[in-house]
file input_2.txt (compact mmCIF, C-alpha atoms)
# COMPACT_ATOMS: atom_id res chain seq x y z
CA MET R 1 75.11 136.53 -54.70
CA ALA R 2 74.32 134.12 -51.87
CA THR R 3 75.35 136.54 -49.12
CA ILE R 4 72.86 139.09 -50.39
CA GLN R 5 70.26 136.35 -50.48
CA ILE R 6 70.87 135.12 -46.94
CA ASP R 7 70.68 138.69 -45.61
CA LYS R 8 67.39 139.21 -47.45
CA LEU R 9 66.01 135.94 -46.09
CA LEU R 10 67.09 136.71 -42.52
CA GLN R 11 65.61 140.20 -42.78
CA THR R 12 62.31 138.61 -43.87
CA VAL R 13 62.43 136.29 -40.85
CA VAL R 14 62.95 139.29 -38.53
CA ASN R 15 60.29 141.45 -40.22
CA GLN R 16 57.68 138.68 -40.22
CA ARG R 17 58.62 137.62 -36.67
CA ALA R 18 58.94 134.04 -37.93
CA SER R 19 60.39 131.49 -35.51
CA ASP R 20 62.32 129.42 -38.09
CA LEU R 21 63.64 129.50 -41.62
CA HIS R 22 63.85 126.18 -43.53
CA LEU R 23 66.09 125.86 -46.58
CA ALA R 24 65.86 122.68 -48.65
CA THR R 25 66.85 121.82 -52.21
CA GLY R 26 63.91 121.63 -54.60
CA GLN R 27 61.62 124.16 -52.95
CA ALA R 28 61.45 127.85 -52.07
CA PRO R 29 62.56 128.92 -48.56
CA VAL R 30 59.91 128.24 -45.90
CA LEU R 31 59.13 130.25 -42.74
CA ARG R 32 57.50 128.83 -39.63
CA MET R 33 55.04 131.41 -38.35
CA GLY R 34 52.76 130.86 -35.37
CA GLY R 35 53.33 127.14 -35.76
CA HIS R 36 52.51 127.02 -39.50
CA MET R 37 54.93 126.42 -42.37
CA VAL R 38 54.64 129.23 -44.92
CA ARG R 39 56.46 128.97 -48.29
CA LEU R 40 57.97 132.20 -49.61
CA GLU R 41 56.97 133.36 -53.11
CA THR R 42 60.49 133.07 -54.50
CA LYS R 43 62.34 130.69 -56.76
CA SER R 44 62.93 127.07 -55.85
CA LEU R 45 66.44 126.45 -54.44
CA GLU R 46 68.89 124.51 -56.61
CA PRO R 47 71.55 122.25 -55.00
CA ASP R 48 74.26 124.90 -55.45
CA ASP R 49 71.97 127.60 -53.97
CA THR R 50 71.72 125.71 -50.68
CA VAL R 51 75.48 125.06 -50.69
CA SER R 52 76.37 128.72 -51.23
CA LEU R 53 73.78 129.86 -48.65
CA MET R 54 75.33 127.39 -46.20
CA LYS R 55 78.90 128.53 -46.95
CA SER R 56 77.99 132.20 -46.56
CA ILE R 57 77.25 131.79 -42.82
CA THR R 58 78.82 128.51 -41.64
CA PRO R 59 82.17 128.73 -39.80
CA GLU R 60 85.05 126.68 -41.20
CA ARG R 61 85.12 124.14 -38.35
CA ASN R 62 81.38 123.51 -38.78
CA GLN R 63 81.76 122.99 -42.54
CA GLN R 64 84.36 120.37 -41.68
CA GLU R 65 82.02 118.70 -39.18
CA LEU R 66 79.27 118.66 -41.82
CA GLN R 67 81.60 116.77 -44.18
CA GLU R 68 82.77 114.33 -41.50
CA LYS R 69 79.55 113.71 -39.58
CA GLY R 70 76.78 114.78 -41.94
CA GLY R 71 75.51 117.55 -39.69
CA THR R 72 76.54 120.52 -37.53
CA ASP R 73 75.04 123.24 -35.27
CA PHE R 74 76.19 126.75 -34.45
CA GLY R 75 74.88 130.15 -33.42
CA PHE R 76 75.51 133.49 -35.14
CA ALA R 77 74.41 137.11 -34.90
CA PHE R 78 72.47 138.88 -37.64
CA GLY R 79 73.72 142.38 -36.88
CA GLU R 80 71.95 143.85 -33.85
CA GLN R 81 68.56 142.53 -34.95
CA ALA R 82 68.60 138.88 -33.94
CA ARG R 83 70.66 135.81 -33.27
CA PHE R 84 70.11 132.53 -35.05
CA ARG R 85 70.72 128.97 -33.98
CA VAL R 86 71.55 127.05 -37.13
CA SER R 87 71.31 123.36 -37.86
CA VAL R 88 72.99 122.26 -41.12
CA PHE R 89 72.53 118.69 -42.35
CA LYS R 90 72.67 116.48 -45.41
CA GLN R 91 69.55 114.94 -46.89
CA ARG R 92 69.53 112.86 -50.07
CA GLY R 93 73.10 114.05 -50.59
CA HIS R 94 72.09 117.71 -50.60
CA VAL R 95 72.59 120.39 -47.97
CA GLY R 96 69.59 121.34 -45.83
CA MET R 97 69.39 124.06 -43.17
CA VAL R 98 67.07 125.16 -40.40
CA LEU R 99 67.65 128.55 -38.75
CA ARG R 100 65.86 129.25 -35.47
CA ARG R 101 65.46 132.94 -34.59
CA ILE R 102 66.52 133.85 -31.08
CA PRO R 103 65.07 137.24 -30.18
CA THR R 104 67.59 139.72 -28.77
CA ASP R 105 65.19 141.35 -26.30
CA PHE R 106 64.37 139.70 -22.99
CA LEU R 107 60.74 139.31 -22.00
CA THR R 108 59.59 139.95 -18.44
CA PHE R 109 57.95 137.26 -16.27
CA GLU R 110 54.65 139.10 -16.76
CA GLN R 111 54.97 139.12 -20.56
CA LEU R 112 55.76 135.40 -20.54
CA GLY R 113 53.00 134.69 -18.01
CA LEU R 114 55.48 132.79 -15.79
CA PRO R 115 54.14 131.57 -12.43
CA PRO R 116 54.92 134.32 -9.86
CA VAL R 117 56.55 131.83 -7.44
CA ILE R 118 59.51 131.57 -9.89
CA ARG R 119 60.77 134.90 -8.57
CA ASP R 120 61.13 133.44 -5.06
CA LEU R 121 62.69 130.17 -6.21
CA ILE R 122 65.49 131.73 -8.25
CA GLN R 123 66.58 133.81 -5.25
CA ARG R 124 67.15 130.80 -3.02
CA PRO R 125 70.78 130.24 -1.96
CA ARG R 126 71.01 126.78 -3.53
CA GLY R 127 69.10 124.01 -5.27
CA LEU R 128 68.03 122.68 -8.64
CA ILE R 129 65.41 124.41 -10.78
CA LEU R 130 64.31 122.48 -13.87
CA VAL R 131 62.60 123.91 -16.92
CA THR R 132 61.12 121.16 -19.07
CA GLY R 133 59.00 120.64 -22.15
CA PRO R 134 59.30 119.46 -25.75
CA THR R 135 61.67 121.13 -28.24
CA GLY R 136 60.44 124.57 -29.24
CA SER R 137 58.25 125.07 -26.16
CA GLY R 138 60.14 128.21 -25.12
CA LYS R 139 62.42 126.78 -22.39
CA THR R 140 65.40 128.85 -23.57
CA THR R 141 63.30 132.02 -23.50
CA SER R 142 62.00 131.37 -19.96
CA LEU R 143 65.51 130.67 -18.68
CA ALA R 144 66.95 133.76 -20.40
CA SER R 145 64.23 135.80 -18.72
CA MET R 146 65.14 134.37 -15.27
CA ILE R 147 68.87 135.00 -15.79
CA ASN R 148 68.08 138.52 -16.97
CA TRP R 149 65.92 139.17 -13.87
CA LEU R 150 68.79 138.07 -11.62
CA ASN R 151 71.15 140.25 -13.66
CA ASP R 152 68.93 143.28 -12.99
CA ASN R 153 68.31 142.57 -9.31
CA VAL R 154 71.15 140.74 -7.52
CA ASP R 155 74.95 140.74 -7.55
CA HIS R 156 75.76 137.17 -8.55
CA HIS R 157 78.33 135.34 -10.61
CA ILE R 158 76.38 133.38 -13.23
CA ILE R 159 77.94 130.75 -15.48
CA THR R 160 75.94 129.42 -18.42
CA LEU R 161 76.90 126.22 -20.25
CA GLU R 162 75.15 126.16 -23.61
CA ASP R 163 75.21 124.26 -26.90
CA PRO R 164 75.15 126.62 -28.75
CA ILE R 165 74.86 129.97 -26.89
CA GLU R 166 71.50 131.48 -27.74
CA TYR R 167 70.63 134.68 -25.87
CA TYR R 168 73.63 136.94 -25.19
CA HIS R 169 73.74 138.45 -21.69
CA LYS R 170 75.59 141.67 -20.83
CA HIS R 171 77.17 142.15 -17.38
CA LYS R 172 74.73 144.29 -15.40
CA LYS R 173 74.49 143.68 -11.63
CA CYS R 174 75.80 140.17 -12.24
CA THR R 175 78.99 138.96 -13.81
CA ILE R 176 77.88 136.50 -16.50
CA ASN R 177 80.24 134.05 -18.20
CA GLN R 178 78.70 132.11 -21.07
CA ARG R 179 80.60 129.01 -22.17
CA GLU R 180 79.78 127.26 -25.43
CA ILE R 181 80.11 123.47 -25.49
CA GLY R 182 82.45 122.40 -28.27
CA VAL R 183 84.02 125.87 -28.52
CA ASP R 184 84.99 127.03 -25.02
CA VAL R 185 84.86 123.64 -23.33
CA GLN R 186 84.38 120.13 -24.71
CA THR R 187 81.47 118.53 -22.82
CA PHE R 188 78.72 119.37 -20.32
CA PRO R 189 80.09 117.19 -17.46
CA GLU R 190 83.58 118.66 -17.95
CA ALA R 191 82.15 122.20 -18.04
CA LEU R 192 80.18 121.58 -14.85
CA ARG R 193 83.17 120.22 -12.96
CA ARG R 194 85.21 123.28 -13.96
CA ALA R 195 82.36 125.66 -13.15
CA LEU R 196 82.40 124.62 -9.50
CA ARG R 197 85.95 126.02 -9.20
CA MET R 198 84.95 129.35 -10.69
CA ASP R 199 83.14 130.73 -7.61
CA PRO R 200 79.65 130.72 -9.18
CA ASP R 201 76.35 131.56 -7.48
CA VAL R 202 74.24 130.31 -10.37
CA ILE R 203 75.02 127.73 -13.05
CA LEU R 204 72.80 127.20 -16.08
CA VAL R 205 73.16 123.78 -17.71
CA GLY R 206 71.76 124.03 -21.24
CA GLU R 207 70.84 120.36 -21.49
CA MET R 208 70.88 117.59 -18.94
CA ARG R 209 71.37 114.84 -21.52
CA ASP R 210 73.13 112.02 -19.73
CA LEU R 211 73.95 110.43 -16.40
CA ASP R 212 77.24 112.33 -15.92
CA THR R 213 75.65 115.73 -16.51
CA ILE R 214 72.62 114.98 -14.32
CA ALA R 215 74.78 113.65 -11.48
CA ALA R 216 77.10 116.68 -11.67
CA ALA R 217 74.12 119.08 -11.68
CA ILE R 218 72.58 117.47 -8.58
CA THR R 219 75.94 117.61 -6.77
CA ALA R 220 76.40 121.28 -7.72
CA ALA R 221 72.91 122.07 -6.39
CA GLU R 222 73.67 120.29 -3.10
CA THR R 223 76.96 122.12 -2.57
CA GLY R 224 75.48 125.60 -2.39
CA HIS R 225 74.74 126.78 -5.92
CA VAL R 226 71.53 127.45 -7.75
CA VAL R 227 71.50 125.23 -10.83
CA PHE R 228 69.10 125.74 -13.72
CA GLY R 229 68.70 122.74 -16.01
CA THR R 230 66.51 121.74 -18.93
CA LEU R 231 65.04 118.38 -19.90
CA HIS R 232 62.79 117.38 -22.79
CA THR R 233 60.16 115.89 -20.49
CA THR R 234 56.49 116.75 -20.03
CA GLY R 235 55.09 117.46 -16.60
CA ALA R 236 56.68 117.40 -13.15
CA GLU R 237 56.03 113.72 -12.48
CA GLY R 238 57.61 112.63 -15.79
CA THR R 239 60.63 114.83 -15.11
CA VAL R 240 61.40 113.32 -11.71
CA ASN R 241 61.00 109.79 -13.10
CA ARG R 242 63.22 110.54 -16.07
CA ILE R 243 66.07 111.80 -13.86
CA ILE R 244 65.92 108.75 -11.60
CA ASP R 245 65.61 106.28 -14.50
CA VAL R 246 68.90 107.50 -15.98
CA PHE R 247 70.76 105.90 -13.05
CA PRO R 248 71.52 102.18 -12.60
CA THR R 249 68.98 100.43 -10.34
CA ASN R 250 71.40 100.07 -7.44
CA GLN R 251 71.92 103.86 -7.30
CA GLN R 252 68.30 104.90 -7.68
CA GLU R 253 67.41 104.98 -4.01
CA GLN R 254 70.38 107.21 -3.20
CA ILE R 255 69.54 109.53 -6.13
CA ARG R 256 65.93 109.81 -4.94
CA THR R 257 67.20 111.00 -1.56
CA GLN R 258 69.69 113.43 -3.11
CA LEU R 259 67.14 114.77 -5.58
CA SER R 260 64.50 115.24 -2.89
CA THR R 261 66.80 117.58 -0.95
CA ALA R 262 68.40 119.29 -3.98
CA ILE R 263 65.37 120.13 -6.08
CA LEU R 264 63.53 123.44 -5.59
CA GLY R 265 60.97 123.32 -8.36
CA ILE R 266 60.02 122.17 -11.83
CA LEU R 267 58.51 124.44 -14.46
CA SER R 268 57.06 122.45 -17.34
CA GLN R 269 55.84 124.33 -20.38
CA ALA R 270 53.96 124.00 -23.65
CA LEU R 271 53.62 126.59 -26.41
CA LEU R 272 50.29 126.99 -28.22
CA PRO R 273 48.82 129.02 -31.08
CA LYS R 274 46.97 132.03 -29.67
CA LYS R 275 43.81 133.51 -31.20
CA PRO R 276 43.83 135.36 -33.59
CA LYS R 277 47.60 135.09 -34.08
CA GLY R 278 50.81 134.60 -32.12
CA LEU R 279 51.76 132.14 -29.42
CA VAL R 280 51.04 131.70 -25.73
CA ALA R 281 52.64 129.43 -23.13
CA ALA R 282 50.92 127.16 -20.62
CA TYR R 283 52.89 126.24 -17.48
CA GLU R 284 52.88 123.44 -14.94
CA MET R 285 54.58 124.49 -11.72
CA LEU R 286 55.82 122.15 -9.02
CA VAL R 287 57.25 123.74 -5.88
CA VAL R 288 59.10 121.18 -3.79
CA THR R 289 57.62 121.34 -0.29
CA PRO R 290 58.67 118.90 2.48
CA ALA R 291 55.63 116.77 1.57
CA ILE R 292 56.67 116.58 -2.08
CA ALA R 293 60.29 115.88 -1.13
CA ASN R 294 58.89 112.87 0.77
CA LEU R 295 57.03 111.63 -2.30
CA ILE R 296 60.24 111.80 -4.35
CA ARG R 297 62.24 110.02 -1.65
CA GLU R 298 59.64 107.29 -1.18
CA ASN R 299 59.20 106.66 -4.91
CA LYS R 300 55.58 107.85 -4.93
CA THR R 301 55.91 110.22 -7.87
CA TYR R 302 52.50 109.12 -9.18
CA ARG R 303 51.04 111.22 -6.35
CA ILE R 304 52.78 114.42 -7.54
CA PRO R 305 49.93 115.60 -9.84
CA SER R 306 47.33 115.50 -7.06
CA SER R 307 49.75 117.27 -4.70
CA ILE R 308 50.20 120.02 -7.28
CA GLN R 309 46.43 120.38 -7.45
CA THR R 310 46.12 120.86 -3.70
CA GLY R 311 49.27 123.00 -3.55
CA ARG R 312 47.84 126.16 -5.11
CA LYS R 313 48.62 128.19 -2.02
CA PHE R 314 52.33 127.43 -2.64
CA GLY R 315 52.06 128.76 -6.20
CA MET R 316 51.65 125.37 -7.88
CA GLN R 317 49.52 124.57 -10.91
CA LEU R 318 48.91 121.63 -13.21
CA LEU R 319 49.53 121.96 -16.94
CA ASP R 320 45.99 120.81 -17.73
CA ASP R 321 44.50 123.47 -15.46
CA ALA R 322 46.64 126.13 -17.15
CA LEU R 323 45.49 124.84 -20.55
CA PHE R 324 41.86 124.81 -19.43
CA ASN R 325 42.17 128.45 -18.34
CA LEU R 326 43.63 129.44 -21.72
CA TRP R 327 40.57 127.91 -23.39
CA LYS R 328 38.14 129.38 -20.85
CA SER R 329 39.55 132.88 -21.32
CA GLY R 330 39.20 132.52 -25.09
CA LEU R 331 42.93 132.65 -25.88
CA CYS R 332 43.22 129.18 -27.47
CA GLU R 333 41.15 126.76 -29.52
CA GLU R 334 39.86 123.61 -27.81
CA ASP R 335 41.72 121.33 -30.26
CA ASP R 336 45.04 123.01 -29.57
CA ILE R 337 44.84 122.70 -25.78
CA VAL R 338 43.72 119.06 -25.91
CA LYS R 339 46.76 118.24 -28.10
CA LYS R 340 49.16 119.58 -25.46
CA SER R 341 47.36 118.04 -22.49
CA ASN R 342 48.80 115.39 -20.12
CA ASN R 343 45.33 113.82 -19.71
CA PRO R 344 43.41 114.63 -22.90
CA GLY R 345 40.40 112.52 -21.89
CA GLU R 346 39.89 114.30 -18.56
CA LEU R 347 40.44 117.71 -20.10
CA LYS R 348 37.84 117.05 -22.80
CA SER R 349 35.21 116.05 -20.27
CA LYS R 350 36.02 119.09 -18.14
CA ILE R 351 35.48 121.32 -21.20
CA ALA R 352 32.23 119.51 -21.97
CA LEU R 353 30.99 120.20 -18.43
CA ALA R 354 32.10 123.83 -18.65
CA LYS R 355 30.15 124.26 -21.89
CA LYS R 356 27.02 122.98 -20.12
CA GLY R 357 27.74 125.35 -17.24
CA LEU R 358 28.18 122.52 -14.73
CA LEU R 359 31.67 123.38 -13.49
CA GLN R 360 31.16 126.21 -11.02
CA ASP R 361 30.47 124.04 -7.99
CA GLU R 362 33.45 121.75 -8.53
CA GLU R 363 35.88 124.67 -8.51
CA GLU R 364 34.40 126.05 -5.31
CA GLY R 365 34.64 122.55 -3.88
CA ASP R 366 38.39 122.58 -4.55
CA GLU R 367 38.75 125.80 -2.62
CA GLU R 368 36.91 124.26 0.36
CA GLU R 369 39.26 121.24 0.49
CA GLU R 370 42.28 123.50 0.83
CA HIS R 371 41.18 125.17 4.05

call {"tool": "encode", "arguments": {"input": "input_2.txt", "output": "structure tokens"}}
result
Amino acid sequence: MATIQIDKLLQTVVNQRASDLHLATGQAPVLRMGGHMVRLETKSLEPDDTVSLMKSITPERNQQELQEKGGTDFGFAFGEQARFRVSVFKQRGHVGMVLRRIPTDFLTFEQLGLPPVIRDLIQRPRGLILVTGPTGSGKTTSLASMINWLNDNVDHHIITLEDPIEYYHKHKKCTINQREIGVDVQTFPEALRRALRMDPDVILVGEMRDLDTIAAAITAAETGHVVFGTLHTTGAEGTVNRIIDVFPTNQQEQIRTQLSTAILGILSQALLPKKPKGLVAAYEMLVVTPAIANLIRENKTYRIPSSIQTGRKFGMQLLDDALFNLWKSGLCEEDDIVKKSNNPGELKSKIALAKKGLLQDEEEGDEEEEH
């Protein structure tokens, strides 16, 4: 019974292009669509419904982990149509589940609206490229798109370290080895140390959670590999600070120096509801020029935002400017862009000026300063 049900539910997720499916005891299944939670018109789930739904898709070792630790995560394929990342947990003694849909098709840089300079950065012979933003902001999708572009265009060996594996990559021009933390290898730092002996050109580190992983990623980037990493930080300035703050005070100066030479760029993203429906991403892009490397080394990260603003000719942009443009071009509501902003106050006043038609001159002024 339950297997039929889960297939029906997953098919609904795919058909409706929902991003998540929520299963909780005491209510009907819920889909997240375009950011909103939509309850399905079906019966409310009983405790044994959620248990049998869970058992129908959860591998044995994860069921064990659920019993021992109260929660577990895994990925699985729904035929050829989609993959799901599943989080199973206990709440009030009952089983709850959230299934995130991972599309099987890769989007191009143009479809995602990624800053064009990304294409140059990912072809560099070595260095660290960070993709940051809150959970559910599309980091995985952007990274999958970059890996897929490399796979179509260059002959590299790419190793991905993921928890769990989300997008599946086929070998095209590249050889791609995807290692799942907890299945293929125990931890991120361990996986990174091993990866360096596997003759990689590119290493993707699913999450840079702790000091060991961050230190290993910086070292890998310095020793002649391109390393992609993700962090749950907002904005380029916050990302640099977060990396340095992970280290003990007596190591911070050395890490600043290492980071300033290792880092190529930071892409920071936010996902917003798009009018009339769907989602659109806004990006902040920091390209590490010698001047910006200096700011990192000299602990002047507070000057990064203004350097991004004057660095347009290098392909840089501030998140708030990207958000403003989404509003100006009529793609997003004012409320939605202000919510995602790094400086909501400034963005609001900029919109107010734009509505009165007083912005033209300021933008031209910016252009003047650059020359």

call {"tool": "atom_distance", "arguments": {"input": "input_2.txt", "atom1": "atom CA of R:Leu326", "atom2": "atom CA of R:Gly133"}}
result
17.7 Å

call {"tool": "residues_around", "arguments": {"input": "input_2.txt", "residues": "R:Thr187", "least_positions_apart": "3", "cutoff": "12 Å", "atoms": "only C-alpha atoms", "output": "PyMOL selection string"}}
result
chain R and resi 161-164+179-184+190-194+205-210+212-213

call {"tool": "residues_around", "arguments": {"input": "input_2.txt", "residues": "stretch 109-123 of chain R", "least_positions_apart": "3", "cutoff": "8 Å", "atoms": "all atoms listed in the file", "output": "NGL selection string"}}
result
:R and (129 or 142 or 145-146 or 150 or 226 or 264-265 or 280-281 or 283 or 285 or 314-315)

call {"tool": "closest_residue", "arguments": {"input": "input_2.txt", "among": "R:Thr58, R:Gln16, R:Thr25, R:Gln251", "to": "R:Glu46", "atoms": "all atoms listed in the file"}}
result
R:Thr25

call {"tool": "closest_residue", "arguments": {"input": "input_2.txt", "among": "R:Leu130, R:Ile243, R:Ala144, R:Ala24", "to": "R:Gly93", "atoms": "all atoms listed in the file"}}
result
R:Ala24

call {"tool": "atom_distance", "arguments": {"input": "input_2.txt", "atom1": "atom CA of R:Thr230", "atom2": "atom CA of R:Met97"}}
result
24.5 Å

call {"tool": "closest_residue", "arguments": {"input": "input_2.txt", "among": "R:Gly330, R:Pro273, R:Gly229, R:Pro305", "to": "R:Met33", "atoms": "only C-alpha atoms"}}
result
R:Pro273

call {"tool": "atom_distance", "arguments": {"input": "input_2.txt", "atom1": "atom CA of R:Gly96", "atom2": "atom CA of R:Val30"}}
result
11.9 Å

call {"tool": "residues_around", "arguments": {"input": "input_2.txt", "residues": "R:Ser260", "least_positions_apart": "6", "cutoff": "7 Å", "atoms": "all atoms listed in the file", "output": "number ranges by chain"}}
result
R: 293, 296-297

call {"tool": "write_last_selection", "arguments": {"input": "input_2.txt", "atoms": "C-alpha atoms", "output": "short mmCIF file (atom, residue, chain, number, x, y, z; two decimals), in the coordinates of the input"}}
result
data_model
loop_
_atom_site.label_atom_id
_atom_site.label_comp_id
_atom_site.auth_asym_id
_atom_site.auth_seq_id
_atom_site.Cartn_x
_atom_site.Cartn_y
_atom_site.Cartn_z
CA ALA R 293 60.29 115.88 -1.13
CA ILE R 296 60.24 111.80 -4.35
CA ARG R 297 62.24 110.02 -1.65
#

call {"tool": "residues_around", "arguments": {"input": "input_2.txt", "residues": "R:Gln5", "least_positions_apart": "6", "cutoff": "12 Å", "atoms": "all atoms listed in the file", "output": "mmCIF file with C-alpha atoms, in the frame of the given file"}}
result
data_model
loop_
_atom_site.group_PDB
_atom_site.id
_atom_site.type_symbol
_atom_site.label_atom_id
_atom_site.label_comp_id
_atom_site.auth_asym_id
_atom_site.auth_seq_id
_atom_site.Cartn_x
_atom_site.Cartn_y
_atom_site.Cartn_z
ATOM 1 C CA GLN R 11 65.610 140.200 -42.780
ATOM 2 C CA THR R 12 62.310 138.610 -43.870
ATOM 3 C CA LEU R 23 66.090 125.860 -46.580
ATOM 4 C CA PRO R 29 62.560 128.920 -48.560
ATOM 5 C CA THR R 42 60.490 133.070 -54.500
ATOM 6 C CA LYS R 43 62.340 130.690 -56.760
ATOM 7 C CA LEU R 45 66.440 126.450 -54.440
ATOM 8 C CA ASP R 49 71.970 127.600 -53.970
ATOM 9 C CA THR R 50 71.720 125.710 -50.680
ATOM 10 C CA SER R 52 76.370 128.720 -51.230
ATOM 11 C CA LEU R 53 73.780 129.860 -48.650
ATOM 12 C CA MET R 54 75.330 127.390 -46.200
ATOM 13 C CA SER R 56 77.990 132.200 -46.560
ATOM 14 C CA ILE R 57 77.250 131.790 -42.820
#

call {"tool": "residues_around", "arguments": {"input": "input_2.txt", "residues": "stretch 82-90 of chain R", "least_positions_apart": "6", "cutoff": "8 Å", "atoms": "only C-alpha atoms", "output": "list in words"}}
result
Val14, Met54, Leu66, Gly70, Gly71, Thr72, Asp73, Phe74, Gly75, Phe76, Gly96, Met97, Val98, Leu99, Arg100, Arg101, Ile102, Pro103, Thr104, Pro164, Glu166 and Tyr167 of chain R

call {"tool": "closest_residue", "arguments": {"input": "input_2.txt", "among": "R:Ile176, R:Leu323, R:Leu353, R:Ala270", "to": "R:Ile337", "atoms": "all atoms listed in the file"}}
result
R:Leu323

call {"tool": "build_atoms", "arguments": {"input": "input_2.txt", "residues": "stretch 45-51 of chain R", "atoms": "all heavy atoms", "output": "mmCIF file, in the coordinates of the input"}}
result
data_model
loop_
_atom_site.group_PDB
_atom_site.id
_atom_site.type_symbol
_atom_site.label_atom_id
_atom_site.label_comp_id
_atom_site.auth_asym_id
_atom_site.auth_seq_id
_atom_site.Cartn_x
_atom_site.Cartn_y
_atom_site.Cartn_z
ATOM 1 N N LEU R 45 64.989 126.499 -54.637
ATOM 2 C CA LEU R 45 66.440 126.450 -54.440
ATOM 3 C C LEU R 45 67.076 125.269 -55.179
ATOM 4 O O LEU R 45 66.612 124.133 -55.049
ATOM 5 C CB LEU R 45 66.774 126.342 -52.939
ATOM 6 C CG LEU R 45 66.328 127.499 -52.039
ATOM 7 C CD1 LEU R 45 66.498 127.130 -50.566
ATOM 8 C CD2 LEU R 45 67.103 128.778 -52.348
ATOM 9 N N GLU R 46 68.114 125.550 -55.934
ATOM 10 C CA GLU R 46 68.890 124.510 -56.610
ATOM 11 C C GLU R 46 69.931 123.960 -55.616
ATOM 12 O O GLU R 46 70.247 124.632 -54.635
ATOM 13 C CB GLU R 46 69.645 125.094 -57.809
ATOM 14 C CG GLU R 46 68.787 125.830 -58.815
ATOM 15 C CD GLU R 46 67.923 124.884 -59.629
ATOM 16 O OE1 GLU R 46 68.348 123.729 -59.835
ATOM 17 O OE2 GLU R 46 66.816 125.295 -60.031
ATOM 18 N N PRO R 47 70.521 122.780 -55.891
ATOM 19 C CA PRO R 47 71.550 122.250 -55.000
ATOM 20 C C PRO R 47 72.671 123.254 -54.706
ATOM 21 O O PRO R 47 73.071 123.425 -53.556
ATOM 22 C CB PRO R 47 72.102 121.047 -55.766
ATOM 23 C CG PRO R 47 70.959 120.591 -56.600
ATOM 24 C CD PRO R 47 70.196 121.827 -56.976
ATOM 25 N N ASP R 48 73.157 123.976 -55.753
ATOM 26 C CA ASP R 48 74.260 124.900 -55.450
ATOM 27 C C ASP R 48 73.798 126.164 -54.725
ATOM 28 O O ASP R 48 74.600 126.830 -54.067
ATOM 29 C CB ASP R 48 75.115 125.244 -56.698
ATOM 30 C CG ASP R 48 74.294 125.251 -57.968
ATOM 31 O OD1 ASP R 48 73.128 124.816 -57.906
ATOM 32 O OD2 ASP R 48 74.806 125.693 -59.011
ATOM 33 N N ASP R 49 72.488 126.490 -54.785
ATOM 34 C CA ASP R 49 71.970 127.600 -53.970
ATOM 35 C C ASP R 49 72.116 127.267 -52.485
ATOM 36 O O ASP R 49 72.605 128.077 -51.699
ATOM 37 C CB ASP R 49 70.481 127.877 -54.251
ATOM 38 C CG ASP R 49 70.249 128.379 -55.667
ATOM 39 O OD1 ASP R 49 71.145 129.058 -56.202
ATOM 40 O OD2 ASP R 49 69.176 128.093 -56.231
ATOM 41 N N THR R 50 71.675 126.057 -52.112
ATOM 42 C CA THR R 50 71.720 125.710 -50.680
ATOM 43 C C THR R 50 73.178 125.628 -50.207
ATOM 44 O O THR R 50 73.494 126.054 -49.112
ATOM 45 C CB THR R 50 70.986 124.370 -50.378
ATOM 46 O OG1 THR R 50 71.480 123.366 -51.240
ATOM 47 C CG2 THR R 50 69.497 124.502 -50.523
ATOM 48 N N VAL R 51 74.072 125.127 -51.076
ATOM 49 C CA VAL R 51 75.480 125.060 -50.690
ATOM 50 C C VAL R 51 76.053 126.453 -50.471
ATOM 51 O O VAL R 51 76.721 126.719 -49.463
ATOM 52 C CB VAL R 51 76.333 124.284 -51.742
ATOM 53 C CG1 VAL R 51 77.819 124.441 -51.464
ATOM 54 C CG2 VAL R 51 75.951 122.806 -51.734
#
